[in-house]
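Chemist: You'll find protein_6.txt just under this line, and it carries compact mmCIF, C-alpha atoms.
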```txt
# COMPACT_ATOMS: atom_id res chain seq x y z
CA MET A 25 0.00 0.00 0.00
CA LYS A 26 1.55 3.30 -1.18
CA THR A 27 1.01 6.46 0.83
CA ALA A 28 0.66 10.06 -0.39
CA ASN A 29 4.24 10.70 0.68
CA ASP A 30 5.48 7.96 -1.61
CA ILE A 31 3.62 9.47 -4.54
CA GLU A 32 5.07 12.89 -3.73
CA GLN A 33 8.55 11.38 -3.66
CA TRP A 34 8.00 9.84 -7.09
CA LEU A 35 6.92 13.17 -8.44
CA LYS A 36 9.94 15.03 -7.11
CA PRO A 37 12.76 15.32 -9.66
CA GLN A 38 15.94 13.57 -8.53
CA ALA A 39 18.18 14.29 -11.49
CA GLU A 40 20.45 17.31 -11.91
CA TYR A 41 19.15 19.80 -14.43
CA HIS A 42 21.73 22.10 -15.95
CA ALA A 43 21.01 24.55 -18.70
CA SER A 44 23.85 24.83 -21.18
CA PRO A 45 26.07 27.89 -20.75
CA ASN A 46 24.91 29.10 -24.18
CA VAL A 47 21.68 30.26 -22.59
CA LYS A 48 23.40 32.88 -20.50
CA GLU A 49 25.61 33.98 -23.39
CA ARG A 50 22.67 34.29 -25.76
CA VAL A 51 20.55 36.20 -23.26
CA MET A 52 23.36 38.63 -22.48
CA ALA A 53 24.10 39.11 -26.18
CA GLU A 54 20.44 39.82 -26.89
CA ALA A 55 20.27 42.17 -23.93
CA ALA A 56 23.29 44.03 -25.29
CA LYS A 57 21.56 44.25 -28.68
CA THR A 58 18.48 45.65 -27.00
CA THR A 59 20.60 48.32 -25.39
CA ALA A 60 22.60 49.04 -28.52
CA PRO A 61 19.81 50.17 -30.89
CA LYS A 62 19.78 53.58 -29.21
CA HIS A 63 22.79 54.48 -31.29
CA GLY A 64 21.29 52.83 -34.35
CA ASN A 65 18.10 54.80 -33.98
CA ASN A 66 20.02 58.01 -33.70
CA LEU A 67 21.84 57.15 -36.88
CA LYS A 68 18.55 56.54 -38.63
CA TRP A 69 17.28 59.91 -37.48
CA TRP A 70 20.48 61.47 -38.74
CA TRP A 71 19.92 59.96 -42.14
CA ILE A 72 16.34 61.21 -42.24
CA GLY A 73 17.57 64.66 -41.25
CA ILE A 74 20.22 64.67 -43.96
CA ALA A 75 17.72 63.51 -46.59
CA ALA A 76 15.23 66.18 -45.53
CA SER A 77 17.84 68.94 -45.66
CA LEU A 78 18.96 67.77 -49.11
CA LEU A 79 15.38 67.93 -50.31
CA ILE A 80 15.04 71.45 -48.94
CA VAL A 81 18.25 72.53 -50.66
CA ALA A 82 17.06 71.00 -53.92
CA GLY A 83 13.74 72.81 -53.58
CA VAL A 84 15.49 76.12 -52.95
CA ILE A 85 17.72 75.61 -55.98
CA LEU A 86 14.75 74.79 -58.16
CA GLN A 87 12.93 77.86 -56.93
CA THR A 88 15.88 80.12 -57.62
CA LEU A 89 16.31 78.91 -61.21
CA PRO A 90 13.46 81.00 -62.68
CA HIS A 91 14.67 83.93 -60.64
CA THR A 92 18.10 83.71 -62.21
CA SER A 93 16.64 83.93 -65.71
CA HIS A 94 14.55 86.84 -64.57
CA ASP A 95 17.63 88.46 -63.10
CA ARG A 96 19.41 87.91 -66.38
CA ALA A 97 16.56 89.64 -68.12
CA ASN A 98 16.84 92.50 -65.66
CA HIS A 99 20.53 92.65 -66.33
CA HIS A 100 19.79 93.03 -70.03
CA GLN A 101 17.31 95.75 -69.27
CA SER A 102 19.80 97.65 -67.20
CA SER A 103 22.41 97.46 -69.92
CA THR A 104 20.25 98.75 -72.77
CA ASN A 105 22.36 101.86 -73.06
CA SER A 106 25.45 99.86 -73.83
CA PRO A 107 26.19 99.25 -77.49
CA ALA A 108 26.32 95.47 -77.14
CA ILE A 109 22.59 94.85 -77.27
CA ARG A 110 22.24 91.27 -78.42
CA PRO A 111 19.44 88.80 -78.17
CA THR A 112 20.26 85.59 -76.42
CA ILE A 113 19.99 83.24 -79.30
CA PRO A 114 19.06 79.66 -78.55
CA SER A 115 22.01 77.34 -78.23
CA SER A 116 21.08 75.57 -81.44
CA VAL A 117 20.96 78.89 -83.29
CA GLU A 118 24.54 79.98 -83.08
CA GLU A 119 25.60 83.55 -83.30
CA PRO A 120 26.26 84.44 -86.95
CA LYS A 121 29.69 85.48 -88.07
CA GLN A 122 30.43 89.11 -88.80
CA ASP A 123 30.58 88.45 -92.57
CA ASN A 124 26.98 87.48 -93.20
CA PRO A 125 25.00 88.07 -90.03
CA LEU A 126 21.51 88.40 -91.43
CA VAL A 127 21.53 85.52 -93.84
CA ALA A 128 22.87 83.11 -91.33
CA GLN A 129 20.36 84.19 -88.77
CA VAL A 130 17.26 84.01 -90.94
CA THR A 131 18.03 80.76 -92.68
CA GLU A 132 18.34 78.87 -89.42
CA SER A 133 15.66 76.27 -88.94
CA PRO A 134 12.71 77.74 -87.05
CA LYS A 135 12.07 76.53 -83.55
CA PRO A 136 8.81 75.10 -82.27
CA ARG A 137 6.27 77.67 -81.18
CA LYS A 138 6.73 77.26 -77.46
CA GLN A 139 10.48 77.36 -77.65
CA VAL A 140 10.42 80.46 -79.80
CA ARG A 141 8.27 82.32 -77.33
CA ARG A 142 10.34 81.21 -74.39
CA GLN A 143 13.48 82.39 -76.08
CA THR A 144 12.08 85.71 -77.15
CA VAL A 145 10.73 86.75 -73.78
CA PRO A 146 14.05 87.72 -72.15
CA HIS A 147 14.92 89.91 -75.13
CA LYS A 148 11.89 92.03 -74.90
CA THR A 149 13.97 95.04 -74.09
CA ALA A 150 16.28 94.59 -77.02
CA VAL A 151 13.36 94.15 -79.37
CA GLU A 152 11.68 97.19 -77.97
CA VAL A 153 14.80 99.23 -78.60
CA SER A 154 14.92 98.03 -82.18
CA TYR A 155 11.28 98.93 -82.64
CA LYS A 156 11.96 102.29 -81.18
CA GLU A 157 14.88 102.89 -83.54
CA GLU A 158 12.92 101.75 -86.52
CA LEU A 159 9.93 103.86 -85.68
CA LEU A 160 12.08 106.89 -85.19
CA GLU A 161 13.74 106.45 -88.55
CA THR A 162 10.80 105.47 -90.72
CA GLU A 163 8.46 108.08 -89.43
CA GLU A 164 11.09 110.79 -89.45
CA GLY A 165 9.89 113.79 -91.40
CA ARG A 166 6.24 112.81 -91.54
CA VAL A 167 5.55 112.67 -87.85
CA THR A 168 7.02 114.70 -85.09
CA PRO A 169 9.90 112.83 -83.48
CA VAL A 170 8.95 110.71 -80.56
CA ASP A 171 10.31 111.72 -77.24
CA VAL A 172 12.26 108.69 -76.20
CA GLN A 173 12.29 109.82 -72.61
CA ASP A 174 8.51 109.67 -72.49
CA ASN A 175 7.93 106.10 -71.44
CA ASP A 176 4.12 106.18 -71.58
CA GLU A 177 4.05 107.31 -75.14
CA LEU A 178 6.69 104.82 -76.10
CA GLU A 179 4.71 102.06 -74.45
CA ALA A 180 1.62 103.07 -76.38
CA ILE A 181 3.52 102.90 -79.65
CA LEU A 182 5.01 99.57 -78.78
CA ASN A 183 1.62 98.21 -77.85
CA SER A 184 0.21 99.20 -81.19
CA VAL A 185 3.12 97.53 -82.92
CA ARG A 186 2.62 94.41 -80.80
CA SER A 187 -1.05 94.29 -81.69
CA ASN A 188 -0.10 94.39 -85.35
CA GLN A 189 2.50 91.75 -84.74
CA SER A 190 0.04 89.40 -83.07
CA ALA A 191 -1.48 88.70 -86.47
CA ILE A 192 1.84 87.38 -87.71
CA SER A 193 2.68 83.76 -87.11
CA ALA A 194 5.16 82.83 -84.40
CA GLU A 195 7.86 81.83 -86.83
CA ASP A 196 7.55 85.02 -88.82
CA GLU A 197 7.52 87.01 -85.63
CA TYR A 198 10.71 85.33 -84.53
CA ARG A 199 12.43 86.05 -87.81
CA HIS A 200 11.29 89.66 -87.88
CA MET A 201 12.43 90.26 -84.39
CA ASN A 202 15.84 88.79 -85.03
CA VAL A 203 16.25 90.90 -88.15
CA ARG A 204 15.24 94.01 -86.27
CA VAL A 205 17.52 93.32 -83.40
CA PHE A 206 20.49 92.91 -85.61
CA THR A 207 19.71 95.91 -87.72
CA ALA A 208 19.34 97.89 -84.54
CA ASN A 209 22.71 96.66 -83.34
CA ILE A 210 24.35 97.57 -86.61
CA ARG A 211 22.81 101.01 -86.52
CA ILE A 212 23.95 101.62 -82.99
CA ARG A 213 27.44 100.53 -83.82
CA ASN A 214 27.50 102.71 -86.90
CA LYS A 215 26.32 105.66 -84.92
CA GLN A 216 28.97 105.12 -82.34
CA GLU A 217 31.66 104.78 -84.97
CA ASN A 218 30.52 108.03 -86.65
CA MET B 8 13.03 28.77 -2.87
CA GLN B 9 14.09 32.12 -1.49
CA THR B 10 17.36 32.80 0.28
CA ALA B 11 18.81 35.82 2.02
CA GLU B 12 21.23 36.37 -0.84
CA GLN B 13 18.50 36.28 -3.44
CA THR B 14 16.44 38.92 -1.68
CA ALA B 15 19.31 41.36 -2.09
CA PHE B 16 18.90 41.91 -5.80
CA VAL B 17 16.34 44.13 -7.29
CA VAL B 18 15.16 44.50 -10.84
CA SER B 19 14.22 48.10 -11.19
CA SER B 20 13.93 50.58 -13.99
CA GLY B 21 17.36 51.93 -13.19
CA ARG B 22 20.35 52.57 -15.39
CA THR B 23 21.00 50.16 -18.25
CA ALA B 24 24.30 49.00 -16.79
CA ASP B 25 22.58 48.14 -13.51
CA ARG B 26 19.83 46.27 -15.29
CA VAL B 27 22.34 44.21 -17.25
CA LYS B 28 24.20 43.39 -14.07
CA GLU B 29 20.98 42.36 -12.35
CA LEU B 30 19.96 40.22 -15.29
CA GLU B 31 23.31 38.45 -15.21
CA ARG B 32 22.84 37.77 -11.53
CA ILE B 33 19.32 36.40 -12.00
CA ILE B 34 20.54 34.12 -14.77
CA GLY B 35 23.33 32.83 -12.57
CA LEU B 36 20.93 32.07 -9.74
CA LYS B 37 17.88 30.88 -11.62
CA GLN B 38 18.78 29.48 -14.98
CA ASP B 39 18.98 25.82 -13.91
CA TRP B 40 15.72 26.02 -12.01
CA LEU B 41 14.06 27.75 -14.97
CA PHE B 42 15.46 25.13 -17.31
CA ARG B 43 14.07 22.29 -15.15
CA PHE B 44 10.71 24.03 -14.99
CA ALA B 45 10.58 24.26 -18.79
CA TYR B 46 12.11 20.85 -19.53
CA LEU B 47 9.61 18.94 -17.37
CA ARG B 48 6.82 20.50 -19.44
CA VAL B 49 8.42 20.47 -22.87
CA GLY B 50 10.68 17.42 -22.76
CA LYS B 51 13.22 18.81 -25.21
CA ARG B 52 16.45 20.56 -24.25
CA GLU B 53 16.68 23.04 -27.15
CA ASP B 54 13.08 24.11 -26.87
CA ALA B 55 13.28 24.43 -23.09
CA GLU B 56 16.40 26.58 -23.39
CA ASP B 57 14.79 28.74 -26.04
CA ILE B 58 11.78 29.29 -23.81
CA VAL B 59 14.00 30.19 -20.85
CA GLN B 60 15.96 32.59 -23.00
CA ASP B 61 12.81 34.32 -24.25
CA VAL B 62 11.43 34.66 -20.75
CA LEU B 63 14.65 36.12 -19.37
CA LEU B 64 14.79 38.63 -22.21
CA ARG B 65 11.17 39.52 -21.63
CA LEU B 66 12.03 40.15 -17.99
CA TYR B 67 14.91 42.38 -19.03
CA ARG B 68 12.80 44.35 -21.49
CA SER B 69 9.75 44.59 -19.26
CA LYS B 70 8.84 48.04 -18.04
CA GLU B 71 7.37 46.59 -14.88
CA ARG B 72 8.98 47.81 -11.73
CA LEU B 73 10.04 44.59 -10.01
CA THR B 74 11.59 45.81 -6.83
CA HIS B 75 11.73 42.57 -4.90
CA ILE B 76 12.83 39.00 -5.51
CA ASP B 77 9.27 37.79 -4.89
CA ASP B 78 8.09 40.00 -7.74
CA VAL B 79 10.82 38.64 -9.99
CA GLU B 80 10.04 35.02 -9.12
CA ARG B 81 6.33 35.52 -9.61
CA TYR B 82 6.97 37.20 -12.94
CA LEU B 83 9.31 34.43 -14.07
CA VAL B 84 7.00 31.58 -13.04
CA ARG B 85 3.99 33.15 -14.76
CA ALA B 86 5.90 34.02 -17.89
CA LEU B 87 7.58 30.62 -18.10
CA ARG B 88 4.37 28.72 -17.48
CA ASN B 89 2.54 30.74 -20.16
CA ALA B 90 5.40 30.27 -22.60
CA CYS B 91 5.34 26.49 -22.05
CA ILE B 92 1.56 26.37 -22.53
CA ASP B 93 1.92 28.35 -25.76
CA TYR B 94 4.67 26.01 -26.92
CA ILE B 95 2.59 22.90 -26.21
CA ARG B 96 -0.42 24.40 -27.99
CA ARG B 97 1.66 25.32 -31.04
CA ARG B 98 3.50 22.00 -31.15
CA PRO B 99 1.86 19.49 -33.49
CA PRO B 100 0.69 16.39 -31.63
CA VAL B 101 3.54 14.02 -32.41
CA VAL B 102 3.40 10.55 -30.93
CA MET B 103 6.99 9.62 -30.35
CA THR B 104 7.83 5.97 -30.56
CA ALA B 105 10.31 4.35 -28.19
CA LEU B 106 12.90 4.26 -30.97
CA GLU B 107 12.46 7.95 -31.78
CA GLY B 108 12.67 8.77 -28.09
CA ALA B 109 15.93 6.90 -27.85
CA ALA B 110 17.26 8.72 -30.88
CA GLN B 111 16.27 12.02 -29.27
CA ILE B 112 18.22 11.16 -26.13
CA THR B 113 21.26 10.13 -28.17
CA GLU B 114 21.12 13.49 -29.97
CA ASP B 115 20.95 15.38 -26.70
CA GLY B 116 23.75 13.33 -25.19
CA ASP B 117 24.08 10.77 -22.39
CA ALA B 118 23.71 13.45 -19.73
CA ASP B 119 20.17 14.09 -20.89
CA LYS B 120 19.11 10.44 -20.68
CA GLU B 121 18.56 10.69 -16.95
CA ILE B 122 16.46 13.85 -17.10
CA HIS B 123 14.51 12.52 -20.06
CA ASP B 124 13.66 9.33 -18.17
CA GLU B 125 12.53 11.44 -15.25
CA TYR B 126 10.42 13.63 -17.53
CA GLU B 127 8.68 10.53 -18.90
CA ARG B 128 8.14 9.00 -15.45
CA ILE B 129 6.61 12.17 -13.99
CA ASN B 130 4.44 12.77 -17.05
CA LYS B 131 3.11 9.22 -16.95
CA LEU B 132 1.96 9.76 -13.36
CA LEU B 133 0.45 13.15 -14.11
CA GLN B 134 -1.48 11.82 -17.11
CA MET B 135 -3.64 9.88 -14.64
CA ILE B 136 -5.28 13.09 -13.34
CA PRO B 137 -7.07 16.10 -14.90
CA SER B 138 -4.83 18.80 -16.28
CA GLU B 139 -5.78 21.54 -13.76
CA GLN B 140 -4.90 19.18 -10.88
CA ALA B 141 -1.77 18.00 -12.68
CA GLU B 142 -0.60 21.61 -12.95
CA ILE B 143 -0.92 22.13 -9.19
CA VAL B 144 0.95 18.89 -8.46
CA ARG B 145 3.65 19.86 -10.94
CA LEU B 146 4.07 23.34 -9.43
CA HIS B 147 4.23 21.94 -5.89
CA CYS B 148 6.20 18.71 -6.30
CA THR B 149 8.48 19.30 -9.26
CA ASP B 150 8.90 23.09 -9.18
CA GLY B 151 8.94 23.44 -5.40
CA LEU B 152 6.41 26.27 -5.06
CA THR B 153 4.44 26.66 -1.84
CA PHE B 154 0.63 26.51 -1.88
CA ARG B 155 0.50 30.27 -1.31
CA GLN B 156 2.77 30.89 -4.31
CA ILE B 157 0.72 28.50 -6.44
CA ALA B 158 -2.44 30.34 -5.42
CA GLU B 159 -0.85 33.64 -6.49
CA VAL B 160 0.36 32.27 -9.80
CA LEU B 161 -2.94 30.61 -10.67
CA ASP B 162 -5.10 33.38 -9.21
CA MET B 163 -7.18 31.12 -7.02
CA PRO B 164 -7.71 30.69 -3.27
CA GLU B 165 -5.05 28.82 -1.40
CA ALA B 166 -7.67 26.41 0.03
CA THR B 167 -8.75 25.44 -3.49
CA VAL B 168 -5.15 24.76 -4.41
CA LYS B 169 -4.67 22.55 -1.35
CA SER B 170 -7.86 20.56 -1.89
CA ARG B 171 -7.11 20.01 -5.57
CA TYR B 172 -3.65 18.85 -4.66
CA ARG B 173 -5.02 16.36 -2.15
CA TYR B 174 -7.51 14.99 -4.68
CA ALA B 175 -4.79 14.70 -7.29
CA ILE B 176 -2.44 12.71 -5.06
CA ASP B 177 -5.28 10.39 -4.01
CA LYS B 178 -6.21 9.77 -7.64
CA ILE B 179 -2.64 8.96 -8.59
CA ARG B 180 -2.30 6.57 -5.66
CA LYS B 181 -5.56 4.78 -6.50
CA ALA B 182 -4.66 4.58 -10.19
CA TYR B 183 -1.31 3.06 -9.27
CA GLU B 184 -2.95 0.50 -6.94
CA ASP B 185 -5.49 -0.41 -9.66
CA SER B 186 -2.76 -0.89 -12.23
CA LYS B 187 -0.98 -3.39 -10.02
```
Before anything else, please render the file you have as C-alpha cells.
Modeler:
Amino acid sequence: MKTANDIEQWLKPQAEYHASPNVKERVMAEAAKTTAPKHGNNLKWWWIGIAASLLIVAGVILQTLPHTSHDRANHHQSSTNSPAIRPTIPSSVEEPKQDNPLVAQVTESPKPRKQVRRQTVPHKTAVEVSYKEELLETEEGRVTPVDVQDNDELEAILNSVRSNQSAISAEDEYRHMNVRVFTANIRIRNKQEN
Amino acid sequence: MQTAEQTAFVVSSGRTADRVKELERIIGLKQDWLFRFAYLRVGKREDAEDIVQDVLLRLYRSKERLTHIDDVERYLVRALRNACIDYIRRRPPVVMTALEGAAQITEDGDADKEIHDEYERINKLLQMIPSEQAEIVRLHCTDGLTFRQIAEVLDMPEATVKSRYRYAIDKIRKAYEDSK
C-alpha cells in the first residue's frame, strides 16, 4: 500500500538539471543588442535629417532657377544703353559670323512655337529698342519725333506695334524680331563709330 | 526557494548598466531552475532553453517595476508557465515511438538520458489526473512552489489549491494501486 508521501517522492525530480552555458551567453548578447539600438536609432534619425535637408536645398535651388533667368533679363534691361545689345539666341541657333550676319540668322531652322516664345521673352527690351529705332527712322519727317524719354508714349507705340504683330505667325515674328535686333545693333554701332 | 542572498537583488527601472548586471545575476541564480521548470513541461532541451531565453529577455525588457525577488520570481513563473503552454499548444501532436525517443536522447547526449527518463516517469503519473490538478501537483512537487505561491500564480484561493492537490495525489495513488 503506497502512501501520499510515496507518490510525492515519485513526483519530485531527482536528477540534476543544468542549462547549457549558451543560454546565459545568448541572453546577455540579446540584452546588449536591445541596449545598442539607441545608437542605431540616432543614426537613422540622422539619415532622415540629412535627406530632408537635401530635399530642402534641392527645392530652394529649383525655386531660384526661374529667378536667375529673370535676373538675367533685368541685367539686359539695365544694360540697354550699352552698345552690345544682343538677343540671347538659342544654343542651337549659333551667333552668326560678322561676314553674313543676317543671312545666317534668318536661314536657321525655325524653332517650335513654345520654344520660340520662351526664347524671345528675355529679349523684350532689345526688341523694344529696335522697334523704337525703326519707328524713329521710318516716321522721321512725316511725324514729329517721338520723345524717347517719355515712357508712356513709347509704351503706347510699342503696344500698337505688338497688336499688329500678333497677327503674324510665331515663326515670322521670330524672324522679324531677329532681323530688327540685328539691324538695330548695326545702326547703334555705326552711330557710335561716326 | 528564497534565500537571504536572493532577496538582495532588485530589478528596477534603473540605469542600463545596472539592469544588465541584475539580469546576469538572475541568470546565474535561476537558470537551472528555470530550465528544469521548462524541460519537465516540454521534454526537449533546445526548446526548453529557447523558452528560458525568451522569458529572461522579456524580464529584461519589461517596463514593470520589479523591486523585490518575490516580484521577480512571480513574474518568471507566470511568464515561463505561459510560454510552455503556448509552446505545447503550437506543437503538433507528435506521438513519439520508443525508438524515436531513444534517438532524441542520443542526440541530446548521455547526460540528458537521466532527465529525459525522469520527464517521462513524472508525465506518466500526471497523465492519470485532470490537467488543472496535474498543474498544481507539478508546481508543488516538481517546481517546489508553496501553496501560497501557487495560489498567487494561478489566481485562485489557497484552500482550493490545497484541496485540488489532495484529490490529485489520491487519484494517482488509486490509479497506481489499480494498475498493479
Chemist: Please determine, counting only C-alpha atoms, which residue among A:Ala43, A:Leu89, A:Ala28, A:Val203 has the shortest atom-to-atom distance to Ala45 of chain B.
Modeler: A:Ala43
Chemist: Taking only C-alpha atoms into account, what are the residues of chain A at most 7 Å from chain B, put as a list of chain:residue names?
Modeler: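 That gives A:Lys26, A:Ala28, A:Ile31, A:Glu32, A:Leu35, A:Lys36, A:Pro37, A:Ala39, A:Tyr41, A:His42, A:Ala43, A:Val47, A:Lys48, A:Val51, A:Ala55 for chain A.
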Chemist: Quick one: residues within 12 Å of Lys169 of chain B, all atoms listed in the file, excluding same-chain residues fewer than 5 positions away - as a PyMOL selection string?
Modeler: chain B and resi 140+143-144+146-147+153-158+163-164+174-176
Chemist: In Å, how far is it from atom CA of Ala141 of chain B to atom CA of Tyr172 of chain B?
Modeler: 8.3 Å
Chemist: Report, in Å with one decimal, the straight-line distance from atom CA of Asn46 of chain A to atom CA of Arg48 of chain B.
Modeler: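 Distance between the two atoms: 20.6 Å.
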Chemist: Point out the residue among B:Glu127, B:Ala166, B:Ser186, B:Val49 with the least atom-to-atom distance to Arg96 of chain B, counting only C-alpha atoms.
Modeler: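 Residue with the minimum atom-to-atom distance to Arg96 of chain B: B:Val49.
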Chemist: Determine, counting all atoms listed in the file, every residue of protein, DNA or RNA that lies within 10 Å of (9.6, 33.8, -11.9) in the file coordinates, then give the result as a list of chain:residue names.
Modeler: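 Returned residue set, sorted by chain then number, is B:Lys37, B:Trp40, B:Leu41, B:Val62, B:Leu63, B:Leu66, B:Ile76, B:Asp77, B:Asp78, B:Val79, B:Glu80, B:Arg81, B:Tyr82, B:Leu83, B:Val84, B:Arg85, B:Ala86, B:Leu87, B:Arg88, B:Val160.
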Chemist: Provide the atom CA of Ile92 of chain B to atom CA of Lys51 of chain B distance in Å, to one decimal place.
Modeler: 14.2 Å
Chemist: Which of these residues is nearest to Asp93 of chain B, using only C-alpha atoms: B:Ile136, B:Val168, B:Ile58, B:Leu36?
Modeler: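 Using only C-alpha atoms, Asp93 of chain B sits closest to B:Ile58.
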Chemist: Would you mind putting N, CA and C atoms back on segment 130-151 of chain B and writing the result as a CSV table (one decimal), in the frame of the given file?
Modeler:
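So out_10.csv came out as:
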```csv
chain,number,residue,atom,x,y,z
B,130,ASN,N,5.6,12.5,-16.2
B,130,ASN,CA,4.4,12.8,-17.0
B,130,ASN,C,3.5,11.6,-17.1
B,131,LYS,N,4.0,10.4,-17.0
B,131,LYS,CA,3.1,9.2,-17.0
B,131,LYS,C,2.2,9.3,-15.7
B,132,LEU,N,2.8,9.7,-14.6
B,132,LEU,CA,2.0,9.8,-13.4
B,132,LEU,C,0.9,10.9,-13.5
B,133,LEU,N,1.3,12.0,-14.0
B,133,LEU,CA,0.4,13.2,-14.1
B,133,LEU,C,-0.7,13.0,-15.2
B,134,GLN,N,-0.4,12.1,-16.1
B,134,GLN,CA,-1.5,11.8,-17.1
B,134,GLN,C,-2.7,11.1,-16.5
B,135,MET,N,-2.5,10.6,-15.3
B,135,MET,CA,-3.6,9.9,-14.6
B,135,MET,C,-4.7,10.8,-14.1
B,136,ILE,N,-4.4,12.1,-14.0
B,136,ILE,CA,-5.3,13.1,-13.3
B,136,ILE,C,-5.6,14.2,-14.3
B,137,PRO,N,-6.7,15.0,-14.0
B,137,PRO,CA,-7.1,16.1,-14.9
B,137,PRO,C,-6.0,17.2,-14.9
B,138,SER,N,-6.0,17.9,-16.0
B,138,SER,CA,-4.8,18.8,-16.3
B,138,SER,C,-4.7,19.9,-15.2
B,139,GLU,N,-5.9,20.4,-14.8
B,139,GLU,CA,-5.8,21.5,-13.8
B,139,GLU,C,-5.2,21.0,-12.4
B,140,GLN,N,-5.5,19.8,-12.1
B,140,GLN,CA,-4.9,19.2,-10.9
B,140,GLN,C,-3.4,18.8,-11.1
B,141,ALA,N,-3.2,18.4,-12.3
B,141,ALA,CA,-1.8,18.0,-12.7
B,141,ALA,C,-0.9,19.2,-12.6
B,142,GLU,N,-1.4,20.4,-13.0
B,142,GLU,CA,-0.6,21.6,-13.0
B,142,GLU,C,-0.2,22.0,-11.5
B,143,ILE,N,-1.2,21.8,-10.6
B,143,ILE,CA,-0.9,22.1,-9.2
B,143,ILE,C,0.1,21.2,-8.6
B,144,VAL,N,0.0,19.9,-8.9
B,144,VAL,CA,1.0,18.9,-8.5
B,144,VAL,C,2.3,19.2,-9.0
B,145,ARG,N,2.4,19.5,-10.3
B,145,ARG,CA,3.6,19.9,-10.9
B,145,ARG,C,4.3,21.1,-10.3
B,146,LEU,N,3.5,22.1,-10.0
B,146,LEU,CA,4.1,23.3,-9.4
B,146,LEU,C,4.6,23.1,-8.0
B,147,HIS,N,3.8,22.2,-7.3
B,147,HIS,CA,4.2,21.9,-5.9
B,147,HIS,C,5.4,20.9,-5.8
B,148,CYS,N,5.2,19.8,-6.5
B,148,CYS,CA,6.2,18.7,-6.3
B,148,CYS,C,7.5,18.9,-7.1
B,149,THR,N,7.3,19.2,-8.4
B,149,THR,CA,8.5,19.3,-9.3
B,149,THR,C,9.1,20.7,-9.2
B,150,ASP,N,8.3,21.7,-9.1
B,150,ASP,CA,8.9,23.1,-9.2
B,150,ASP,C,9.2,23.7,-7.8
B,151,GLY,N,8.6,23.0,-6.8
B,151,GLY,CA,8.9,23.4,-5.4
B,151,GLY,C,8.2,24.7,-4.9
```
